[in-house]
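Colleague: my_file-v2.csv is reproduced in full below (CSV, C-alpha atoms).
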chain,number,residue,atom,x,y,z
E,1,MET,CA,74.3,40.2,46.0
E,2,ILE,CA,71.9,43.1,45.7
E,3,LYS,CA,69.5,43.0,48.7
E,4,ARG,CA,65.8,43.4,48.0
E,5,ILE,CA,63.7,46.3,49.3
E,6,ILE,CA,60.0,45.5,49.9
E,7,ASP,CA,57.3,48.0,50.7
E,8,ILE,CA,54.0,46.6,52.2
E,9,SER,CA,51.2,49.2,52.1
E,10,GLU,CA,48.1,47.0,52.7
E,11,GLN,CA,46.9,44.9,55.6
E,12,ALA,CA,48.9,41.7,55.9
E,13,TYR,CA,50.3,39.1,58.2
E,14,LEU,CA,54.1,38.4,58.0
E,15,HIS,CA,55.6,35.3,59.4
E,16,ILE,CA,58.5,32.9,58.9
E,17,ARG,CA,58.4,29.4,57.4
E,18,ASN,CA,61.5,27.5,56.3
E,19,LYS,CA,63.7,30.6,56.5
E,20,GLN,CA,61.3,32.4,54.1
E,21,LEU,CA,59.3,35.5,54.9
E,22,LEU,CA,55.7,34.8,54.0
E,23,ILE,CA,53.1,37.6,53.4
E,24,GLU,CA,49.5,36.5,53.9
E,25,ARG,CA,46.3,38.3,53.3
E,26,ASP,CA,42.9,36.8,54.3
E,27,GLY,CA,44.5,33.5,54.9
E,28,GLU,CA,46.2,33.3,51.5
E,29,THR,CA,49.9,33.6,50.8
E,30,ILE,CA,50.5,36.4,48.4
E,31,GLY,CA,54.2,36.6,48.6
E,32,ARG,CA,57.3,34.8,49.9
E,33,MET,CA,61.0,35.4,49.7
E,34,PRO,CA,64.2,34.1,51.5
E,35,VAL,CA,65.0,36.3,54.5
E,36,GLU,CA,68.7,36.3,53.5
E,37,ASP,CA,67.8,38.1,50.2
E,38,LEU,CA,66.2,41.0,52.0
E,39,GLY,CA,67.8,44.4,52.8
E,40,VAL,CA,64.9,46.6,53.9
E,41,VAL,CA,61.3,45.9,54.8
E,42,ILE,CA,59.0,48.9,54.9
E,43,LEU,CA,55.7,48.4,56.8
E,44,GLN,CA,53.1,51.1,56.0
E,45,HIS,CA,49.7,49.9,57.0
E,46,SER,CA,48.5,50.2,60.6
E,47,ALA,CA,46.9,46.7,60.4
E,48,ILE,CA,50.1,44.9,59.4
E,49,VAL,CA,50.9,42.1,61.9
E,50,ILE,CA,54.4,40.7,62.0
E,51,SER,CA,55.4,37.7,64.2
E,52,GLN,CA,58.3,37.9,66.7
E,53,ALA,CA,60.0,35.0,64.8
E,54,ALA,CA,59.8,37.1,61.6
E,55,ILE,CA,61.4,40.1,63.4
E,56,ILE,CA,64.2,38.0,64.9
E,57,ALA,CA,64.9,36.2,61.6
E,58,CYS,CA,65.1,39.6,59.8
E,59,GLN,CA,67.4,41.0,62.5
E,60,GLN,CA,69.7,37.9,62.3
E,61,GLU,CA,70.2,38.6,58.6
E,62,GLY,CA,70.8,42.3,59.1
E,63,VAL,CA,67.4,43.3,57.5
E,64,VAL,CA,66.2,46.8,58.4
E,65,ILE,CA,62.6,47.0,59.4
E,66,VAL,CA,61.0,50.4,58.8
E,67,PHE,CA,57.7,51.4,60.5
E,68,CYS,CA,55.6,54.2,58.9
E,69,ASP,CA,53.2,56.5,60.5
E,70,ALA,CA,49.6,57.5,59.5
E,71,CYS,CA,51.0,59.8,56.8
E,72,HIS,CA,53.0,56.9,55.3
E,73,LEU,CA,56.3,58.5,56.3
E,74,PRO,CA,59.0,56.3,57.9
E,75,TYR,CA,58.8,56.9,61.7
E,76,SER,CA,61.1,54.4,63.3
E,77,VAL,CA,63.8,51.9,62.3
E,78,LEU,CA,64.5,48.5,63.8
E,79,LEU,CA,68.2,47.4,63.6
E,80,PRO,CA,70.2,44.5,65.0
E,81,LEU,CA,72.9,45.3,67.5
E,82,SER,CA,74.1,42.2,69.2
E,83,ASP,CA,75.0,40.2,66.1
E,84,GLY,CA,76.0,43.1,63.9
E,85,HIS,CA,79.7,42.3,64.2
E,86,THR,CA,81.8,39.8,66.1
E,87,LEU,CA,84.0,42.6,67.6
E,88,HIS,CA,81.1,44.9,68.4
E,89,THR,CA,82.1,45.8,71.9
E,90,LYS,CA,85.8,46.5,71.0
E,91,ILE,CA,84.8,48.6,68.0
E,92,MET,CA,82.2,50.6,70.0
E,93,ARG,CA,84.8,51.4,72.6
E,94,GLU,CA,87.1,52.7,70.0
E,95,GLN,CA,84.2,54.7,68.4
E,96,ILE,CA,83.4,56.4,71.7
E,97,ALA,CA,87.1,57.3,72.3
E,98,ILE,CA,87.4,59.2,69.0
E,99,SER,CA,88.9,62.6,69.6
E,100,GLN,CA,87.1,65.9,69.0
E,101,PRO,CA,89.6,67.1,66.4
E,102,THR,CA,89.0,63.8,64.4
E,103,LYS,CA,85.3,64.3,64.6
E,104,LYS,CA,85.6,67.9,63.4
E,105,ARG,CA,87.9,66.9,60.5
E,106,LEU,CA,85.5,64.2,59.3
E,107,TRP,CA,82.5,66.5,59.6
E,108,GLN,CA,84.4,69.1,57.5
E,109,GLN,CA,84.9,66.4,54.8
E,110,ILE,CA,81.2,65.4,55.0
E,111,ILE,CA,80.0,68.9,54.4
E,112,GLN,CA,82.4,69.4,51.6
E,113,GLN,CA,81.0,66.3,50.0
E,114,LYS,CA,77.4,67.5,50.6
E,115,ILE,CA,78.0,70.9,48.9
E,116,ASN,CA,79.7,69.2,46.0
E,117,GLN,CA,76.8,66.9,45.5
E,118,GLN,CA,74.4,69.9,45.7
E,119,ARG,CA,76.4,71.5,42.9
E,120,ALA,CA,76.2,68.3,40.9
E,121,THR,CA,72.4,68.1,41.3
E,122,LEU,CA,72.1,71.7,40.2
E,123,LYS,CA,74.3,71.1,37.2
E,124,ALA,CA,72.3,68.0,36.3
E,125,PHE,CA,69.2,70.3,35.7
E,126,ASN,CA,71.2,73.1,34.1
E,127,LYS,CA,70.9,75.3,37.1
E,128,ASN,CA,73.3,78.0,38.1
E,129,THR,CA,76.0,76.5,40.4
E,130,ARG,CA,78.2,79.7,40.8
E,131,PRO,CA,76.9,80.7,44.2
E,132,LEU,CA,78.0,77.3,45.6
E,133,ASP,CA,81.3,76.9,43.6
E,134,ARG,CA,83.6,78.3,46.3
E,135,LEU,CA,81.7,77.3,49.4
E,136,ALA,CA,82.9,73.7,49.5
E,137,ARG,CA,86.6,74.8,49.4
E,138,GLN,CA,85.9,77.3,52.3
E,139,VAL,CA,84.5,74.8,54.8
E,140,LYS,CA,86.7,74.8,57.9
E,141,THR,CA,87.2,72.0,60.4
E,142,GLY,CA,83.9,71.3,62.2
E,143,ASP,CA,82.3,73.6,59.7
E,144,SER,CA,82.8,76.4,62.2
E,145,GLY,CA,81.7,79.0,59.6
E,146,ASN,CA,78.3,77.1,59.1
E,147,HIS,CA,78.8,76.8,55.4
E,148,GLU,CA,76.3,73.9,55.3
E,149,ALA,CA,73.5,76.4,56.2
E,150,GLN,CA,74.8,79.0,53.7
E,151,ALA,CA,74.9,76.4,50.9
E,152,ALA,CA,71.4,75.1,51.8
E,153,GLN,CA,69.9,78.6,51.6
E,154,LYS,CA,71.3,79.2,48.1
E,155,TYR,CA,70.8,75.6,46.9
E,156,TRP,CA,67.0,75.4,47.5
E,157,LEU,CA,66.5,78.8,45.9
E,158,LEU,CA,68.4,77.7,42.8
E,159,LEU,CA,66.9,74.2,42.6
E,160,MET,CA,63.3,74.7,43.5
E,161,GLY,CA,62.7,78.5,42.9
E,162,SER,CA,61.9,81.4,45.2
E,163,GLU,CA,58.5,80.1,46.1
E,164,PHE,CA,59.7,76.9,47.7
E,165,ARG,CA,60.2,76.5,51.4
E,166,ARG,CA,61.7,73.4,53.0
E,167,ASP,CA,59.1,72.4,55.6
E,168,ARG,CA,59.3,69.0,57.2
E,169,ASP,CA,55.7,69.1,58.1
E,170,ALA,CA,54.3,70.1,54.6
E,171,ALA,CA,52.8,67.9,52.0
E,172,GLY,CA,53.8,67.5,48.3
E,173,VAL,CA,57.4,67.9,47.5
E,174,ASN,CA,58.4,68.3,51.1
E,175,ALA,CA,56.7,65.0,52.0
E,176,LEU,CA,58.5,63.2,49.2
E,177,LEU,CA,61.8,64.6,50.4
E,178,ASN,CA,61.1,63.4,53.9
E,179,TYR,CA,60.3,59.9,52.6
E,180,GLY,CA,63.4,59.7,50.5
E,181,TYR,CA,65.7,60.9,53.2
E,182,ALA,CA,64.2,58.4,55.7
E,183,ILE,CA,64.9,55.5,53.3
E,184,VAL,CA,68.5,56.6,52.8
E,185,ARG,CA,68.9,57.1,56.6
E,186,ALA,CA,67.8,53.5,57.1
E,187,MET,CA,70.2,52.2,54.5
E,188,VAL,CA,73.1,54.0,56.1
E,189,ALA,CA,72.1,52.8,59.6
E,190,ARG,CA,72.1,49.3,58.3
E,191,ALA,CA,75.6,49.6,57.0
E,192,ILE,CA,76.8,51.2,60.3
E,193,VAL,CA,75.4,48.4,62.4
E,194,GLY,CA,76.8,45.8,60.1
E,195,SER,CA,80.3,47.2,60.6
E,196,GLY,CA,80.1,47.0,64.4
E,197,LEU,CA,79.7,50.7,64.9
E,198,HIS,CA,76.8,52.1,67.0
E,199,PRO,CA,74.5,54.4,65.0
E,200,SER,CA,73.8,56.6,68.0
E,201,VAL,CA,77.4,57.8,68.5
E,202,GLY,CA,77.7,60.6,66.0
E,203,LEU,CA,80.4,62.9,64.7
E,204,HIS,CA,78.3,66.1,64.7
E,205,HIS,CA,74.7,65.2,65.5
E,206,ARG,CA,74.5,64.5,69.2
E,207,ASN,CA,70.8,64.8,70.2
E,208,GLN,CA,70.4,62.5,73.2
E,209,TYR,CA,67.0,61.5,71.9
E,210,ASN,CA,68.3,60.5,68.5
E,211,GLY,CA,69.4,56.9,68.2
E,212,LEU,CA,70.7,57.4,64.6
E,213,CYS,CA,73.1,60.3,65.0
E,214,LEU,CA,75.9,58.7,63.0
E,215,ALA,CA,73.5,57.8,60.3
E,216,ASP,CA,72.3,61.4,60.1
E,217,ASP,CA,76.0,62.5,59.8
E,218,LEU,CA,76.9,60.1,57.0
E,219,MET,CA,73.8,60.5,55.0
E,220,GLU,CA,74.1,64.3,54.4
E,221,PRO,CA,75.9,64.0,51.0
E,222,PHE,CA,73.2,61.6,49.8
E,223,ARG,CA,70.4,64.1,50.4
E,224,PRO,CA,71.0,65.9,47.0
E,225,TRP,CA,70.5,62.5,45.3
E,226,VAL,CA,67.0,62.3,46.8
E,227,ASP,CA,66.5,65.8,45.6
E,228,ARG,CA,67.2,64.8,42.0
E,229,ILE,CA,64.5,62.2,42.1
E,230,VAL,CA,61.9,64.4,43.7
E,231,TYR,CA,62.7,67.3,41.3
E,232,ARG,CA,62.0,65.0,38.4
E,233,ILE,CA,58.8,63.9,40.0
E,234,ALA,CA,57.7,67.5,40.6
E,235,GLU,CA,58.4,68.3,36.9
E,236,GLN,CA,55.8,65.8,35.9
E,237,GLN,CA,53.3,66.2,38.8
E,238,PRO,CA,52.2,69.7,39.9
E,239,PHE,CA,50.9,68.3,43.2
E,240,PRO,CA,53.0,65.1,43.9
E,241,LYS,CA,51.9,62.7,46.6
E,242,ILE,CA,53.4,59.7,48.4
E,243,ASP,CA,51.8,57.1,46.3
E,244,ARG,CA,53.0,53.7,45.2
E,245,LYS,CA,54.6,55.0,41.9
E,246,ASN,CA,56.5,57.8,43.6
E,247,LYS,CA,57.6,55.5,46.5
E,248,GLU,CA,59.0,53.0,43.9
E,249,LEU,CA,61.0,55.8,42.2
E,250,LEU,CA,62.5,56.8,45.5
E,251,LEU,CA,63.2,53.2,46.6
E,252,GLN,CA,65.1,52.7,43.3
E,253,LEU,CA,67.8,55.0,44.7
E,254,LEU,CA,69.1,52.2,46.9
E,255,SER,CA,69.9,50.1,43.8
E,256,GLN,CA,71.1,53.1,41.8
E,257,LYS,CA,74.4,52.4,40.1
E,258,VAL,CA,77.2,54.4,41.6
E,259,ARG,CA,80.9,54.4,41.3
E,260,TRP,CA,83.2,53.5,44.2
E,261,ASP,CA,87.0,53.4,43.8
E,262,GLY,CA,86.6,52.9,40.0
E,263,ARG,CA,84.0,50.1,40.4
E,264,ALA,CA,80.3,50.3,39.6
E,265,MET,CA,77.9,48.9,42.2
E,266,PRO,CA,74.5,49.6,43.8
E,267,LEU,CA,74.3,52.4,46.3
E,268,MET,CA,73.3,50.0,49.1
E,269,VAL,CA,76.5,48.0,48.5
E,270,ALA,CA,78.6,51.2,48.3
E,271,SER,CA,77.2,52.3,51.7
E,272,HIS,CA,79.1,49.5,53.4
E,273,TYR,CA,82.4,50.6,51.7
E,274,LEU,CA,81.7,54.1,52.9
E,275,VAL,CA,81.4,52.9,56.6
E,276,SER,CA,84.5,50.8,56.2
E,277,ASN,CA,86.3,53.9,54.9
E,278,LEU,CA,85.0,55.9,57.9
E,279,LYS,CA,86.5,53.3,60.4
E,280,GLN,CA,89.9,53.7,58.7
E,281,ALA,CA,89.6,57.5,58.9
E,282,PHE,CA,89.0,57.2,62.7
E,283,SER,CA,92.5,56.1,63.3
E,284,ASP,CA,94.5,57.4,60.3
E,285,LYS,CA,94.5,61.1,59.5
E,286,ALA,CA,95.9,60.4,56.0
E,287,VAL,CA,92.6,58.6,55.1
E,288,LYS,CA,90.1,61.0,53.6
E,289,LEU,CA,86.5,60.1,53.8
E,290,GLY,CA,85.3,59.2,50.3
E,291,TYR,CA,81.8,59.0,48.9
E,292,PRO,CA,80.4,57.1,46.0
E,293,GLN,CA,79.7,59.1,42.8
E,294,TRP,CA,76.5,59.1,40.9
E,295,VAL,CA,76.8,57.5,37.5
E,296,GLU,CA,75.6,60.3,35.3
E,297,SER,CA,74.9,58.2,32.2
E,298,GLU,CA,72.3,56.2,34.2
E,299,SER,CA,70.8,59.0,36.3
Kindly return the structure encoded in the file as structure tokens.
Modeller:
Amino acid sequence: MIKRIIDISEQAYLHIRNKQLLIERDGETIGRMPVEDLGVVILQHSAIVISQAAIIACQQEGVVIVFCDACHLPYSVLLPLSDGHTLHTKIMREQIAISQPTKKRLWQQIIQQKINQQRATLKAFNKNTRPLDRLARQVKTGDSGNHEAQAAQKYWLLLMGSEFRRDRDAAGVNALLNYGYAIVRAMVARAIVGSGLHPSVGLHHRNQYNGLCLADDLMEPFRPWVDRIVYRIAEQQPFPKIDRKNKELLLQLLSQKVRWDGRAMPLMVASHYLVSNLKQAFSDKAVKLGYPQWVESES
């Protein structure tokens, strides 16, 4: 079943009744939905109040709760850990014990996938892909040649033009990219926790202050998909903002139809298959880390 994503951007009170999440405003119930149907809940307004019972109920169903800052950008993510998987401790020990060569091999595959998706995004908008055509094949184990950075430098120039600068603190297109990336990051983190893995134990990212290192690793090839949506928005809006319409367009990415192993499914569902594939690749060198493919006819 496709899990629902809800985005609450006005003052509200969230609580639980009969296993349903109720959204109230001024004492009146304006929305209700079974907690088991939820996948992601995004809280944007500073005056939103959510009960502890609602938080626990969401965590027990594997619902990701995303808290946004004053700029309406996702700032933190709340994920369940204790009930994510019945073999959580065993799996986590195995995850920590993964060898450095295995991590480097998987990071190589992730960067190859990312560059290939950047090429596909450029191709979708009839942009020149030639500068990136050979880079994916040249990525070495652990990306020792830093081909990820080389590709990014060429990619943004080709996609957005010479005037664009990727700035995480800027408004407009950059702010929309930040929002989209954060939503995808939450989706991937949800799949990681559901598999029993710990999101803080990464393959390449290893900042001690980052609790989602593994999510940051796995989400890299999905970034160009966010770029597709933001590029289309920018084509229609000279000065795009993080408003309700644009947020809805970015949230639709989680239900975007993708293809995994010959089957069509929403991206949120495919993310769980991706993490399962990762777990197999941890212990079997013959398993190559695969990624879902964008269904071009529905992009």
Colleague: Rank E:Met187, E:Ile110, E:Ile50, E:Arg130 by their smallest atom-to-atom distance to Gly62 (chain E), using all atoms listed in the file, and report the top residue only.
Modeller: E:Met187
Colleague: Using only C-alpha atoms, what table do you get, as JSON lines, when you list each residue of region 72-155 of chain E with an atom no more than 8 Å from region 287-297 of chain E, its nearest pair of atoms, and their distance in Å rounded to one decimal, rows by chain then rising number?
Modeller:
{"residue": "E:Leu106", "atom": "CA", "partner": "E:Leu289", "partner_atom": "CA", "distance": 6.9}
{"residue": "E:Gln109", "atom": "CA", "partner": "E:Leu289", "partner_atom": "CA", "distance": 6.6}
{"residue": "E:Ile110", "atom": "CA", "partner": "E:Leu289", "partner_atom": "CA", "distance": 7.6}
{"residue": "E:Gln113", "atom": "CA", "partner": "E:Tyr291", "partner_atom": "CA", "distance": 7.4}
Colleague: Quick one: of E:Pro34, E:Gly172, E:Pro131, E:Pro199, who's nearest to Val77 (chain E), counting only C-alpha atoms?
Modeller: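 For Val77 (chain E), the nearest of the candidates is E:Pro199.
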Colleague: Restrict the calculation to all atoms listed in the file, then for each residue of region 153-251 of chain E with any atom at most 12 Å from an atom of region 257-281 of chain E give the closest atom pair and their distance in Å to one decimal, rows by chain and rising residue number, as a tab-separated table.
Modeller:
residue	atom	partner	partner_atom	distance
E:Ile183	CA	E:Met268	CA	10.9
E:Val184	CA	E:Met268	CA	9.0
E:Arg185	CA	E:Ser271	CA	10.8
E:Ala186	CA	E:Met268	CA	10.3
E:Met187	CA	E:Met268	CA	6.6
E:Val188	CA	E:Ser271	CA	6.2
E:Ala189	CA	E:Ser271	CA	9.4
E:Arg190	CA	E:His272	CA	8.5
E:Ala191	CA	E:His272	CA	5.0
E:Ile192	CA	E:Val275	CA	6.1
E:Val193	CA	E:Val275	CA	9.5
E:Gly194	CA	E:His272	CA	8.0
E:Ser195	CA	E:Val275	CA	7.0
E:Gly196	CA	E:Lys279	CA	9.8
E:Leu197	CA	E:Lys279	CA	8.6
E:His198	CA	E:Val275	CA	11.4
E:Pro199	CA	E:Val275	CA	11.0
E:Gly202	CA	E:Leu278	CA	11.9
E:Leu203	CA	E:Leu278	CA	10.8
E:Leu214	CA	E:Val275	CA	10.2
E:Ala215	CA	E:Val275	CA	10.0
E:Asp217	CA	E:Leu278	CA	11.3
E:Leu218	CA	E:Val275	CA	8.5
E:Met219	CA	E:Ser271	CA	9.5
E:Pro221	CA	E:Leu274	CA	11.6
E:Phe222	CA	E:Leu267	CA	9.9
E:Trp225	CA	E:Leu267	CA	10.8
E:Leu251	CA	E:Met268	CA	10.9
Colleague: Considering only C-alpha atoms, can you say which of E:Ala286, E:Asn246, E:Cys58, E:Arg223 comes closest to Thr121 (chain E)?
Modeller: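 The shortest atom-to-atom distance to Thr121 (chain E) comes from E:Arg223.
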Colleague: Residues within 9 Å of Ile96 (chain E), please, as an NGL selection string. Count only C-alpha atoms; anything in the same chain fewer than 4 positions from it doesn't count.
Modeller: :E and (91-92 or 201)
Colleague: Would you export the selected residues with C-alpha atoms as a tab-separated table (two decimals), in the frame of the given file, please?
Modeller:
chain	number	residue	atom	x	y	z
E	91	ILE	CA	84.80	48.60	68.00
E	92	MET	CA	82.20	50.60	70.00
E	201	VAL	CA	77.40	57.80	68.50
Colleague: Please indicate the distance in Å from CA of Tyr181 (chain E) to CA of Asp143 (chain E), rounded to one decimal place.
Modeller: 21.9 Å
Colleague: May I have the residues within 12 Å of Arg17 (chain E) as number ranges by chain, using only C-alpha atoms and disregarding those fewer than 2 positions away in the same chain?
Modeller: E: 14-15, 19-24, 29, 32-35, 51, 53-54, 57
Colleague: If I take CA of Val226 (chain E) and CA of Ala182 (chain E), how far is one from the other in Å, to one decimal?
Modeller: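 According to the coordinates, CA of Val226 (chain E) and CA of Ala182 (chain E) are separated by 10.1 Å.
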Colleague: Neighbouring residues of Val230 (chain E) were defined as those with any atom within 7 Å, considering all atoms listed in the file; residues of the same chain fewer than 3 positions away were excluded. Please report them as a tab-separated table (two decimals) with C-alpha atoms, in the frame of the given file.
Modeller:
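What landed in selection.tsv:
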chain	number	residue	atom	x	y	z
E	173	VAL	CA	57.40	67.90	47.50
E	176	LEU	CA	58.50	63.20	49.20
E	177	LEU	CA	61.80	64.60	50.40
E	226	VAL	CA	67.00	62.30	46.80
E	227	ASP	CA	66.50	65.80	45.60
E	233	ILE	CA	58.80	63.90	40.00
E	234	ALA	CA	57.70	67.50	40.60
Colleague: For a test of reading the model, state the distance in Å between CA of Thr141 (chain E) and CA of Leu159 (chain E), rounded to one decimal.
Modeller: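 If I compute the distance from CA of Thr141 (chain E) to CA of Leu159 (chain E), I get 27.1 Å.
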Colleague: For Val49 (chain E), which of E:Glu28, E:Glu220, E:Glu10, E:Asp167 is the closest residue, counting all atoms listed in the file?
Modeller: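 With all atoms listed in the file as the atom set, the closest residue is E:Glu10.
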